[in-house]
Amino acid sequence: MAILDDEKEGLYKTLLESTKAIPWKLNWVTKEFEYIGPQIEKLLGWTQESWATAQEWIDRIHPEDRDETANLCISQSEHGIDHEADYRALTADGGYVWVRDVVHVLRENGVTTALVGFIFDISERKKMEDVLLRLNRQLEALSFHDALTGVANRRMYDKTMGAEWARAHRNQEPMSLIVIDIDHFKEYNDRYGHVMGDECLVKVATALGGVSSRSTDLLARYGGEEFVLMLPNTDRNAALELAERCCAVVAGLRIPHAASGASDVITISAGLSTIVPSANTHPASVFDAADKMLYQAKQKGRNCVVYAGPREASVDTRQR
């Protein structure tokens, strides 16, 4: 009978050591390894004999993963809870390999006596996860930018405006917004074609993007030939100077527009609004006000900036 048991044990050992999973057993009382599969040397470079105690296991965990992984294992093992952990394991040559440790807790009379488990090489899976993570980040970034012009899109504008509006309300700072429309753009498309129209949009967006240098300012394509320039913590006078600069840089592109009723080159009209948010105002209010000013600019003949109220002496001394 003992011979049969020895044969079975040998068979089980052979089966375990023929798999890619690395079996191991730890005496929880002494914290000494009673067994670890020979596959460990192929994966990490450390010999079976070098895995004497749990301390070797802990020391061979990446410093950034060590405390969290060791504390999880100790806590779960003490309470008799099976668990698993992903971490970077140190190789004998100083590198690291991502592994997953799956642990089963053995107990007697409610007390943990041993741990048995398997170590799996998950480095390839981690590489794929990193690739997918980068792709997801790229896709997220693309989802916040206009595909044609490369500037922020309406989604990004809405998200940023919500956050900046809340901050302006909290700090009682002015929020300025410039709504911009390319003059007679439909006529431009009709005259020169949509390919030229797309090229025009890209050139205008690039020019507008260079007007403001602050990282907190945001230029977004709102839709069609309409853009918005969001200017947190900017008073009306400073915003008006930027709006006038927007008009100047676009006109300075000297893009021919023979079908325009405002000029012989591409120009823009701009409406400006400045609001200090209060409990009774909404982010849409600053856009609505600027949009009304844009309408007035179009009524005045386009190629100009219209803002609400008289221009006051600038009190914004921040360098832009």
# chains A, B, ... in the order shown; residues from 1 in each chain; ligands from 1
$ closest_atom_pairs --of "stretch 88-194 of chain A" --to "stretch 218-223 of chain A" --cutoff "6 Å" --atoms "only C-alpha atoms" --output "JSON lines"
{"residue": "A:Val151", "atom": "CA", "partner": "A:Ala220", "partner_atom": "CA", "distance": 5.7}
{"residue": "A:Ala152", "atom": "CA", "partner": "A:Ala220", "partner_atom": "CA", "distance": 4.4}
{"residue": "A:Asn153", "atom": "CA", "partner": "A:Ala220", "partner_atom": "CA", "distance": 5.1}
{"residue": "A:Arg154", "atom": "CA", "partner": "A:Tyr222", "partner_atom": "CA", "distance": 5.0}
$ residues_around --residues "stretch 59-71 of chain A" --least-positions-apart "5" --cutoff "9 Å" --atoms "only C-alpha atoms" --output "MDAnalysis selection string"
chainID A and resid 54 76 85:91 96
$ select_by_dssp --residues "stretch 115-276 of chain A" --states "helix (DSSP H, G or I)" --output "MDAnalysis selection string"
chainID A and resid 123:143 154:171 185:192 194:209 236:251
$ residues_around --residues "stretch 291-302 of chain A" --least-positions-apart "3" --cutoff "8 Å" --atoms "only C-alpha atoms" --output "PyMOL selection string"
chain A and resi 179-181+183+262+268-273+287-288+305-308
$ closest_residue --among "A:Leu44, A:Leu229, A:Pro256, A:Thr281" --to "A:Ser123" --atoms "only C-alpha atoms"
A:Leu44
$ residues_around --residues "A:Val105" --least-positions-apart "5" --cutoff "12 Å" --atoms "only C-alpha atoms" --output "ChimeraX atom specification"
/A:25-28,73-84,110-117
$ decode --residues "stretch 159-255 of chain A" --atoms "C-alpha atoms" --output "PDB file, in the first residue's frame"
ATOM      1  CA  LYS A 159     -16.385  69.013 -19.682  1.00  0.00           C
ATOM      2  CA  THR A 160     -13.850  71.792 -19.136  1.00  0.00           C
ATOM      3  CA  MET A 161     -16.456  74.520 -18.830  1.00  0.00           C
ATOM      4  CA  GLY A 162     -18.226  72.610 -16.053  1.00  0.00           C
ATOM      5  CA  ALA A 163     -15.039  72.354 -14.020  1.00  0.00           C
ATOM      6  CA  GLU A 164     -13.853  75.918 -14.681  1.00  0.00           C
ATOM      7  CA  TRP A 165     -17.291  77.372 -13.977  1.00  0.00           C
ATOM      8  CA  ALA A 166     -17.367  75.666 -10.586  1.00  0.00           C
ATOM      9  CA  ARG A 167     -13.902  76.995  -9.779  1.00  0.00           C
ATOM     10  CA  ALA A 168     -14.793  80.524 -10.905  1.00  0.00           C
ATOM     11  CA  HIS A 169     -17.923  80.397  -8.749  1.00  0.00           C
ATOM     12  CA  ARG A 170     -15.954  79.154  -5.751  1.00  0.00           C
ATOM     13  CA  ASN A 171     -13.250  81.811  -6.114  1.00  0.00           C
ATOM     14  CA  GLN A 172     -15.565  84.518  -7.459  1.00  0.00           C
ATOM     15  CA  GLU A 173     -13.398  85.054 -10.532  1.00  0.00           C
ATOM     16  CA  PRO A 174     -14.517  86.292 -13.947  1.00  0.00           C
ATOM     17  CA  MET A 175     -15.134  83.786 -16.733  1.00  0.00           C
ATOM     18  CA  SER A 176     -14.866  85.143 -20.271  1.00  0.00           C
ATOM     19  CA  LEU A 177     -15.948  83.413 -23.453  1.00  0.00           C
ATOM     20  CA  ILE A 178     -15.406  84.364 -27.077  1.00  0.00           C
ATOM     21  CA  VAL A 179     -17.705  82.757 -29.630  1.00  0.00           C
ATOM     22  CA  ILE A 180     -16.199  82.909 -33.125  1.00  0.00           C
ATOM     23  CA  ASP A 181     -17.748  82.318 -36.537  1.00  0.00           C
ATOM     24  CA  ILE A 182     -15.985  82.320 -39.917  1.00  0.00           C
ATOM     25  CA  ASP A 183     -17.682  84.934 -42.067  1.00  0.00           C
ATOM     26  CA  HIS A 184     -19.662  83.677 -45.069  1.00  0.00           C
ATOM     27  CA  PHE A 185     -18.191  80.210 -44.801  1.00  0.00           C
ATOM     28  CA  LYS A 186     -21.058  78.591 -46.717  1.00  0.00           C
ATOM     29  CA  GLU A 187     -20.277  80.854 -49.629  1.00  0.00           C
ATOM     30  CA  TYR A 188     -16.621  79.888 -49.333  1.00  0.00           C
ATOM     31  CA  ASN A 189     -17.505  76.195 -49.610  1.00  0.00           C
ATOM     32  CA  ASP A 190     -19.814  76.875 -52.527  1.00  0.00           C
ATOM     33  CA  ARG A 191     -17.116  78.849 -54.346  1.00  0.00           C
ATOM     34  CA  TYR A 192     -13.985  76.826 -53.584  1.00  0.00           C
ATOM     35  CA  GLY A 193     -15.314  73.374 -52.647  1.00  0.00           C
ATOM     36  CA  HIS A 194     -15.388  71.401 -49.416  1.00  0.00           C
ATOM     37  CA  VAL A 195     -11.777  70.211 -49.667  1.00  0.00           C
ATOM     38  CA  MET A 196     -10.603  73.824 -49.661  1.00  0.00           C
ATOM     39  CA  GLY A 197     -13.173  74.504 -46.967  1.00  0.00           C
ATOM     40  CA  ASP A 198     -11.611  71.851 -44.725  1.00  0.00           C
ATOM     41  CA  GLU A 199      -8.151  73.288 -45.361  1.00  0.00           C
ATOM     42  CA  CYS A 200      -9.466  76.707 -44.417  1.00  0.00           C
ATOM     43  CA  LEU A 201     -10.896  75.389 -41.150  1.00  0.00           C
ATOM     44  CA  VAL A 202      -7.562  73.809 -40.232  1.00  0.00           C
ATOM     45  CA  LYS A 203      -5.653  77.038 -40.971  1.00  0.00           C
ATOM     46  CA  VAL A 204      -8.099  79.154 -38.989  1.00  0.00           C
ATOM     47  CA  ALA A 205      -8.044  76.719 -36.020  1.00  0.00           C
ATOM     48  CA  THR A 206      -4.232  76.713 -36.014  1.00  0.00           C
ATOM     49  CA  ALA A 207      -4.121  80.507 -36.076  1.00  0.00           C
ATOM     50  CA  LEU A 208      -6.672  80.835 -33.278  1.00  0.00           C
ATOM     51  CA  GLY A 209      -4.841  78.226 -31.229  1.00  0.00           C
ATOM     52  CA  GLY A 210      -1.769  80.442 -31.146  1.00  0.00           C
ATOM     53  CA  VAL A 211      -3.560  83.513 -29.767  1.00  0.00           C
ATOM     54  CA  SER A 212      -3.616  82.504 -26.110  1.00  0.00           C
ATOM     55  CA  SER A 213      -0.626  80.937 -24.344  1.00  0.00           C
ATOM     56  CA  ARG A 214      -2.130  80.036 -20.965  1.00  0.00           C
ATOM     57  CA  SER A 215      -2.667  76.339 -20.309  1.00  0.00           C
ATOM     58  CA  THR A 216      -6.000  77.065 -18.641  1.00  0.00           C
ATOM     59  CA  ASP A 217      -7.459  78.683 -21.767  1.00  0.00           C
ATOM     60  CA  LEU A 218      -9.273  76.398 -24.179  1.00  0.00           C
ATOM     61  CA  LEU A 219      -9.976  76.730 -27.881  1.00  0.00           C
ATOM     62  CA  ALA A 220     -12.640  74.343 -29.134  1.00  0.00           C
ATOM     63  CA  ARG A 221     -14.456  73.758 -32.369  1.00  0.00           C
ATOM     64  CA  TYR A 222     -18.060  74.116 -31.313  1.00  0.00           C
ATOM     65  CA  GLY A 223     -19.501  72.927 -34.592  1.00  0.00           C
ATOM     66  CA  GLY A 224     -19.210  73.639 -38.311  1.00  0.00           C
ATOM     67  CA  GLU A 225     -17.321  76.894 -38.752  1.00  0.00           C
ATOM     68  CA  GLU A 226     -17.921  78.019 -35.153  1.00  0.00           C
ATOM     69  CA  PHE A 227     -15.223  78.070 -32.467  1.00  0.00           C
ATOM     70  CA  VAL A 228     -15.172  79.083 -28.808  1.00  0.00           C
ATOM     71  CA  LEU A 229     -12.264  80.428 -26.796  1.00  0.00           C
ATOM     72  CA  MET A 230     -12.801  79.861 -23.083  1.00  0.00           C
ATOM     73  CA  LEU A 231     -10.831  82.185 -20.804  1.00  0.00           C
ATOM     74  CA  PRO A 232     -11.010  81.384 -17.072  1.00  0.00           C
ATOM     75  CA  ASN A 233     -10.066  84.135 -14.617  1.00  0.00           C
ATOM     76  CA  THR A 234      -9.996  86.727 -17.399  1.00  0.00           C
ATOM     77  CA  ASP A 235     -11.788  90.063 -17.230  1.00  0.00           C
ATOM     78  CA  ARG A 236     -13.589  91.619 -20.190  1.00  0.00           C
ATOM     79  CA  ASN A 237     -10.814  93.990 -21.148  1.00  0.00           C
ATOM     80  CA  ALA A 238      -8.186  91.258 -21.400  1.00  0.00           C
ATOM     81  CA  ALA A 239     -10.675  89.028 -23.222  1.00  0.00           C
ATOM     82  CA  LEU A 240     -11.505  91.831 -25.673  1.00  0.00           C
ATOM     83  CA  GLU A 241      -7.834  92.226 -26.543  1.00  0.00           C
ATOM     84  CA  LEU A 242      -7.658  88.505 -27.266  1.00  0.00           C
ATOM     85  CA  ALA A 243     -10.830  88.635 -29.362  1.00  0.00           C
ATOM     86  CA  GLU A 244      -9.405  91.473 -31.433  1.00  0.00           C
ATOM     87  CA  ARG A 245      -6.165  89.519 -31.818  1.00  0.00           C
ATOM     88  CA  CYS A 246      -8.187  86.534 -33.062  1.00  0.00           C
ATOM     89  CA  CYS A 247      -9.714  88.685 -35.770  1.00  0.00           C
ATOM     90  CA  ALA A 248      -6.303  90.048 -36.732  1.00  0.00           C
ATOM     91  CA  VAL A 249      -4.520  86.690 -36.994  1.00  0.00           C
ATOM     92  CA  VAL A 250      -7.268  85.165 -39.126  1.00  0.00           C
ATOM     93  CA  ALA A 251      -7.362  88.138 -41.473  1.00  0.00           C
ATOM     94  CA  GLY A 252      -3.567  87.976 -41.545  1.00  0.00           C
ATOM     95  CA  LEU A 253      -3.730  84.501 -43.081  1.00  0.00           C
ATOM     96  CA  ARG A 254      -4.829  86.231 -46.297  1.00  0.00           C
ATOM     97  CA  ILE A 255      -6.953  83.291 -47.419  1.00  0.00           C
TER      98      ILE A 255
END
